[in-house]
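*Asks:* This is the structure I want to talk about, given as structure tokens.
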Amino acid sequence: KSAIIAALIGSAAAFAPAQTGRAATAVSETKADLEVLAKKLNPVLGFYDPLNLAEAEFWGESNEATIGFLRHAEIKHGRIAMFAFVGYIAHANGFKFPWAMQMDGTPFPDANGNPPALWDSVSDDAKWQIFSLIGFLEFWSELSTPNHKHYMRGGKPGDYPDFVSGSEGIPHPVPFNLYDPFRFSKNMSEEKKESRLRAEINNGRAAQLGILGFLSAQCAEGSVPLLTGVVPHYDGEPMAPFVTNYMGEAFGMQ
């Protein structure tokens with residue numbers, strides 16, 4: 001859940017050199033393509049697939065569609081983890097917006113350098129607003145149009161479609177896109193885009209390890225020796241979106 005609030009508040013710009021949305025690189029659709037990509041990402045480790053997922057066919061789909069799904073999922077997880085990692089560090093050091101968080105004047109919370117506890121102190125109303133935005137972005141990312149192929153149908157994994165206004169899109173003008181809102185990458189070379197794409201994937205993998213390391217060290221003290229005494233203990237449930245177990249209440253669970 002630290003990932004959720006950090007994704008909306010924290011900025012991963014310092015950690016992630018690029019997004020992949022308009023990188024015009026070839027889609028890695030086969031196991032052979034993944035092997036080539038793996039060597040470029042990590043020449044030492046190379047291709048590592050102990051579960052043999054590169055040959056799987058999920059939900060009766062083709063192997064190419066399954067690879068598209070897996071690559072897209074990794075890129076998305078990496079992006080959220082980068083936001084979470086930087087957001088965690090920002091909150092742990094007390095950075096927050098100076099204005100009110102809610103209409104009633106409630107300020108942004110400060111949990112004394114404990115990001116998971118900070119999330120617990122956010123009101124449920126505010127959390128529902130965050131989840132609603134995330135839900136819309138997820139819905140929009142799954143669209144398949146003549147100008148944007150779905151990642152399981154030959155589109156680029158990680159590619160986020162532009163916001164389209166009008167009768168076939170959002171019913172009001174949207175001046176900026178989620179990816180590259182100021183069009184800085186418009187004249188970027190294909191080689192540069194491919195290099196930035198690989199950097200994003202590698203940074204995303206590192207960030208996933210980093211944010212899970214923080215949470216593990218807080219919930220199971222001593223599990224990450226390098227973080228012992230660095231991060232405070234947290235006795236809540238880091239994967240629960242709400243402090244109240246709304247689903248469990250119906251079954252007499254707390």
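How things are named: the first chain in the structure tokens is A, the next is B, and so on; residues count from 1 in each chain; ligands count from 1 in the order shown.
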List as a VMD selection string the protein and nucleic acid residues near region 96-108 of chain A, meaning an atom at most 8 Å away when only C-alpha atoms are counted, but skip any in the same chain fewer than 4 places from it.
*Replies:* chain A and resid 90 to 91 126
*Asks:* Please dump the current selection as a short mmCIF file (atom, residue, chain, number, x, y, z; two decimals), in the first residue's frame; keep N, CA and C atoms.
*Replies:*
```
data_model
loop_
_atom_site.label_atom_id
_atom_site.label_comp_id
_atom_site.auth_asym_id
_atom_site.auth_seq_id
_atom_site.Cartn_x
_atom_site.Cartn_y
_atom_site.Cartn_z
N ALA A 90 10.95 9.83 0.30
CA ALA A 90 10.47 11.19 0.54
C ALA A 90 9.65 11.25 1.83
N HIS A 91 8.74 10.30 2.01
CA HIS A 91 7.90 10.31 3.21
C HIS A 91 8.71 9.97 4.46
N ALA A 126 -10.29 9.68 0.99
CA ALA A 126 -9.16 10.05 0.15
C ALA A 126 -8.61 8.83 -0.59
#
```
*Asks:* Quick one: everything within 7 Å of Gly78 (chain A), counting only C-alpha atoms, minus sequence neighbours fewer than 3 positions away in the same chain. Send it as an MDAnalysis selection string.
*Replies:* chainID A and resid 74:75 81:82 201 204:205 207:208
*Asks:* Hey, can you spit out that residue selection with N, CA and C atoms as a PDB file, in the first residue's frame?
*Replies:*
```pdb
ATOM      1  N   GLU A  74       5.531  -6.787 -16.166  1.00  0.00           N
ATOM      2  CA  GLU A  74       6.800  -6.440 -15.514  1.00  0.00           C
ATOM      3  C   GLU A  74       7.071  -4.943 -15.593  1.00  0.00           C
ATOM      4  N   ILE A  75       6.827  -4.364 -16.761  1.00  0.00           N
ATOM      5  CA  ILE A  75       7.080  -2.931 -16.927  1.00  0.00           C
ATOM      6  C   ILE A  75       6.183  -2.118 -15.998  1.00  0.00           C
ATOM      7  N   ALA A  81       6.853   0.459  -8.738  1.00  0.00           N
ATOM      8  CA  ALA A  81       7.904   0.278  -7.731  1.00  0.00           C
ATOM      9  C   ALA A  81       8.859   1.464  -7.703  1.00  0.00           C
ATOM     10  N   MET A  82       9.137   2.053  -8.868  1.00  0.00           N
ATOM     11  CA  MET A  82      10.009   3.230  -8.891  1.00  0.00           C
ATOM     12  C   MET A  82       9.350   4.407  -8.191  1.00  0.00           C
ATOM     13  N   ILE A 201      13.518  -0.725 -17.605  1.00  0.00           N
ATOM     14  CA  ILE A 201      13.268  -2.090 -17.147  1.00  0.00           C
ATOM     15  C   ILE A 201      14.221  -2.463 -16.017  1.00  0.00           C
ATOM     16  N   GLY A 204      13.342  -0.548 -12.901  1.00  0.00           N
ATOM     17  CA  GLY A 204      12.124  -1.096 -12.329  1.00  0.00           C
ATOM     18  C   GLY A 204      12.379  -2.364 -11.548  1.00  0.00           C
ATOM     19  N   ARG A 205      13.238  -3.216 -12.052  1.00  0.00           N
ATOM     20  CA  ARG A 205      13.565  -4.453 -11.329  1.00  0.00           C
ATOM     21  C   ARG A 205      14.262  -4.128 -10.011  1.00  0.00           C
ATOM     22  N   ALA A 207      14.009  -1.369  -8.316  1.00  0.00           N
ATOM     23  CA  ALA A 207      13.064  -0.710  -7.418  1.00  0.00           C
ATOM     24  C   ALA A 207      12.122  -1.704  -6.759  1.00  0.00           C
ATOM     25  N   GLN A 208      11.725  -2.756  -7.475  1.00  0.00           N
ATOM     26  CA  GLN A 208      10.868  -3.776  -6.873  1.00  0.00           C
ATOM     27  C   GLN A 208      11.575  -4.455  -5.699  1.00  0.00           C
TER      28      GLN A 208
END
```
*Asks:* List the spatial neighbours of Pro157 (chain A) as a count of residues only - criterion: any atom at most 8 Å away, only C-alpha atoms, same-chain residues fewer than 2 positions off excluded.
*Replies:* 9
*Asks:* Would you give me, as JSON lines, each residue of region 171-249 of chain A having an atom within 12 Å of an atom of region 137-150 of chain A, along with its shortest atom pair and that distance in Å to one decimal, using only C-alpha atoms and sorting by chain and residue number?
*Replies:*
```
{"residue": "A:Asn177", "atom": "CA", "partner": "A:Leu137", "partner_atom": "CA", "distance": 11.3}
{"residue": "A:Leu178", "atom": "CA", "partner": "A:Leu137", "partner_atom": "CA", "distance": 9.1}
{"residue": "A:Tyr179", "atom": "CA", "partner": "A:Ser141", "partner_atom": "CA", "distance": 11.3}
```
*Asks:* Which distance in Å separates CA of Glu35 (chain A) and CA of Phe47 (chain A), to one decimal?
*Replies:*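 Those two atoms sit 5.3 Å apart.
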*Asks:* Report, in Å with one decimal, the straight-line distance from CA of Ala92 (chain A) to CA of Asp124 (chain A).
*Replies:*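 The value is 21.6 Å.
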*Asks:* Taking the chain letters and numbering used in this document, name the residues of region 56-132 of chain A that DSSP puts in helix (DSSP H, G or I), as a short mmCIF file (atom, residue, chain, number, x, y, z; two decimals) with N, CA, C and O atoms, in the first residue's frame.
*Replies:*
```cif
data_model
loop_
_atom_site.label_atom_id
_atom_site.label_comp_id
_atom_site.auth_asym_id
_atom_site.auth_seq_id
_atom_site.Cartn_x
_atom_site.Cartn_y
_atom_site.Cartn_z
N PHE A 58 -1.04 -18.62 -21.54
CA PHE A 58 -2.04 -18.33 -20.51
C PHE A 58 -3.43 -18.22 -21.12
O PHE A 58 -3.62 -17.65 -22.20
N TRP A 59 -4.43 -18.75 -20.40
CA TRP A 59 -5.85 -18.57 -20.74
C TRP A 59 -6.18 -18.98 -22.18
O TRP A 59 -7.07 -18.41 -22.81
N GLY A 60 -5.44 -19.95 -22.71
CA GLY A 60 -5.71 -20.40 -24.06
C GLY A 60 -5.20 -19.46 -25.13
O GLY A 60 -5.47 -19.67 -26.32
N ASN A 63 1.45 -18.18 -27.40
CA ASN A 63 2.68 -17.90 -26.67
C ASN A 63 3.10 -16.44 -26.84
O ASN A 63 3.56 -15.80 -25.89
N GLU A 64 2.91 -15.90 -28.04
CA GLU A 64 3.26 -14.50 -28.29
C GLU A 64 2.42 -13.56 -27.43
O GLU A 64 2.92 -12.59 -26.87
N ALA A 65 1.12 -13.85 -27.31
CA ALA A 65 0.25 -13.02 -26.48
C ALA A 65 0.63 -13.12 -25.02
O ALA A 65 0.62 -12.13 -24.28
N THR A 66 1.00 -14.32 -24.58
CA THR A 66 1.40 -14.53 -23.19
C THR A 66 2.67 -13.76 -22.87
O THR A 66 2.79 -13.13 -21.81
N ILE A 67 3.62 -13.79 -23.78
CA ILE A 67 4.86 -13.03 -23.58
C ILE A 67 4.55 -11.53 -23.52
O ILE A 67 5.12 -10.80 -22.71
N GLY A 68 3.65 -11.07 -24.38
CA GLY A 68 3.25 -9.66 -24.33
C GLY A 68 2.66 -9.29 -22.98
O GLY A 68 2.96 -8.24 -22.42
N PHE A 69 1.82 -10.19 -22.44
CA PHE A 69 1.22 -9.96 -21.12
C PHE A 69 2.29 -9.89 -20.03
O PHE A 69 2.28 -8.99 -19.18
N LEU A 70 3.22 -10.84 -20.04
CA LEU A 70 4.26 -10.90 -19.01
C LEU A 70 5.18 -9.69 -19.08
O LEU A 70 5.56 -9.12 -18.04
N ARG A 71 5.55 -9.28 -20.28
CA ARG A 71 6.43 -8.13 -20.41
C ARG A 71 5.72 -6.86 -19.96
O ARG A 71 6.30 -6.01 -19.27
N HIS A 72 4.46 -6.71 -20.34
CA HIS A 72 3.70 -5.53 -19.94
C HIS A 72 3.54 -5.49 -18.42
O HIS A 72 3.69 -4.43 -17.80
N ALA A 73 3.27 -6.66 -17.82
CA ALA A 73 3.11 -6.72 -16.37
C ALA A 73 4.40 -6.33 -15.66
O ALA A 73 4.37 -5.60 -14.65
N GLU A 74 5.53 -6.79 -16.17
CA GLU A 74 6.80 -6.44 -15.51
C GLU A 74 7.07 -4.94 -15.59
O GLU A 74 7.49 -4.32 -14.61
N ILE A 75 6.83 -4.36 -16.76
CA ILE A 75 7.08 -2.93 -16.93
C ILE A 75 6.18 -2.12 -16.00
O ILE A 75 6.62 -1.16 -15.35
N LYS A 76 4.89 -2.50 -15.90
CA LYS A 76 3.97 -1.78 -15.02
C LYS A 76 4.39 -1.92 -13.56
O LYS A 76 4.39 -0.94 -12.80
N HIS A 77 4.75 -3.14 -13.14
CA HIS A 77 5.20 -3.32 -11.76
C HIS A 77 6.46 -2.50 -11.50
O HIS A 77 6.62 -1.92 -10.42
N GLY A 78 7.35 -2.45 -12.47
CA GLY A 78 8.57 -1.68 -12.29
C GLY A 78 8.30 -0.20 -12.14
O GLY A 78 8.92 0.48 -11.32
N ARG A 79 7.36 0.33 -12.93
CA ARG A 79 7.03 1.75 -12.84
C ARG A 79 6.45 2.10 -11.48
O ARG A 79 6.84 3.09 -10.85
N ILE A 80 5.50 1.29 -11.01
CA ILE A 80 4.91 1.55 -9.70
C ILE A 80 5.96 1.44 -8.61
O ILE A 80 5.99 2.22 -7.65
N ALA A 81 6.85 0.46 -8.74
CA ALA A 81 7.90 0.28 -7.73
C ALA A 81 8.86 1.46 -7.70
O ALA A 81 9.33 1.86 -6.63
N MET A 82 9.14 2.05 -8.87
CA MET A 82 10.01 3.23 -8.89
C MET A 82 9.35 4.41 -8.19
O MET A 82 9.99 5.13 -7.41
N PHE A 83 8.06 4.62 -8.47
CA PHE A 83 7.33 5.66 -7.74
C PHE A 83 7.36 5.36 -6.24
O PHE A 83 7.57 6.24 -5.42
N ALA A 84 7.10 4.10 -5.88
CA ALA A 84 7.03 3.72 -4.47
C ALA A 84 8.37 3.91 -3.78
O ALA A 84 8.43 4.40 -2.65
N PHE A 85 9.45 3.52 -4.42
CA PHE A 85 10.78 3.61 -3.82
C PHE A 85 11.14 5.06 -3.49
O PHE A 85 11.54 5.39 -2.38
N VAL A 86 10.95 5.94 -4.48
CA VAL A 86 11.27 7.35 -4.27
C VAL A 86 10.27 7.97 -3.30
O VAL A 86 10.63 8.77 -2.43
N GLY A 87 8.98 7.60 -3.45
CA GLY A 87 7.98 8.13 -2.53
C GLY A 87 8.22 7.70 -1.10
O GLY A 87 8.01 8.48 -0.16
N TYR A 88 8.65 6.46 -0.92
CA TYR A 88 8.97 5.95 0.43
C TYR A 88 10.07 6.80 1.06
O TYR A 88 9.97 7.23 2.21
N ILE A 89 11.13 7.03 0.31
CA ILE A 89 12.24 7.82 0.83
C ILE A 89 11.80 9.25 1.16
O ILE A 89 12.18 9.82 2.20
N ALA A 90 10.95 9.83 0.30
CA ALA A 90 10.47 11.19 0.54
C ALA A 90 9.65 11.25 1.83
O ALA A 90 9.87 12.13 2.68
N HIS A 91 8.74 10.30 2.01
CA HIS A 91 7.90 10.31 3.21
C HIS A 91 8.71 9.97 4.46
O HIS A 91 8.46 10.50 5.54
N ALA A 92 9.66 9.06 4.32
CA ALA A 92 10.49 8.69 5.47
C ALA A 92 11.31 9.88 5.98
O ALA A 92 11.68 9.93 7.15
N PRO A 115 6.41 5.42 6.47
CA PRO A 115 5.49 5.50 5.33
C PRO A 115 4.27 4.59 5.41
O PRO A 115 3.16 5.04 5.09
N PRO A 116 4.38 3.31 5.80
CA PRO A 116 3.16 2.50 5.89
C PRO A 116 2.16 3.04 6.91
O PRO A 116 0.94 3.03 6.68
N ALA A 117 2.66 3.53 8.04
CA ALA A 117 1.78 4.12 9.05
C ALA A 117 1.16 5.41 8.52
O ALA A 117 0.02 5.76 8.87
N LEU A 118 1.89 6.13 7.68
CA LEU A 118 1.36 7.33 7.06
C LEU A 118 0.15 6.99 6.20
O LEU A 118 -0.88 7.67 6.23
N TRP A 119 0.26 5.92 5.42
CA TRP A 119 -0.86 5.50 4.58
C TRP A 119 -2.07 5.13 5.44
O TRP A 119 -3.20 5.45 5.09
N ASP A 120 -1.83 4.48 6.56
CA ASP A 120 -2.94 4.11 7.45
C ASP A 120 -3.70 5.33 7.94
O ASP A 120 -4.90 5.25 8.22
N ASP A 124 -10.37 7.08 4.48
CA ASP A 124 -10.89 6.17 3.47
C ASP A 124 -11.44 6.93 2.26
O ASP A 124 -11.33 6.47 1.12
N ASP A 125 -12.04 8.10 2.49
CA ASP A 125 -12.55 8.90 1.38
C ASP A 125 -11.43 9.28 0.43
O ASP A 125 -11.58 9.23 -0.81
N ALA A 126 -10.29 9.68 0.99
CA ALA A 126 -9.16 10.05 0.15
C ALA A 126 -8.61 8.83 -0.59
O ALA A 126 -8.24 8.91 -1.77
N LYS A 127 -8.58 7.70 0.07
CA LYS A 127 -8.10 6.48 -0.57
C LYS A 127 -8.99 6.07 -1.74
O LYS A 127 -8.50 5.66 -2.79
N TRP A 128 -10.31 6.20 -1.56
CA TRP A 128 -11.22 5.85 -2.65
C TRP A 128 -11.01 6.74 -3.86
O TRP A 128 -11.15 6.31 -5.00
N GLN A 129 -10.68 8.01 -3.64
CA GLN A 129 -10.37 8.90 -4.76
C GLN A 129 -9.12 8.41 -5.50
O GLN A 129 -9.07 8.42 -6.73
N ILE A 130 -8.11 8.01 -4.73
CA ILE A 130 -6.88 7.49 -5.34
C ILE A 130 -7.17 6.23 -6.13
O ILE A 130 -6.74 6.08 -7.28
N PHE A 131 -7.94 5.30 -5.55
CA PHE A 131 -8.25 4.06 -6.24
C PHE A 131 -9.10 4.30 -7.49
O PHE A 131 -8.98 3.58 -8.48
N SER A 132 -9.98 5.31 -7.44
CA SER A 132 -10.80 5.63 -8.61
C SER A 132 -9.93 6.10 -9.76
O SER A 132 -10.15 5.72 -10.93
#
```
*Asks:* Taking only C-alpha atoms into account, which of A:Asp110, A:Glu61, A:Glu221, A:Glu55 comes nearest Phe95 (chain A)?
*Replies:*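 Once distances to Phe95 (chain A) are computed over only C-alpha atoms, the minimum belongs to A:Asp110.
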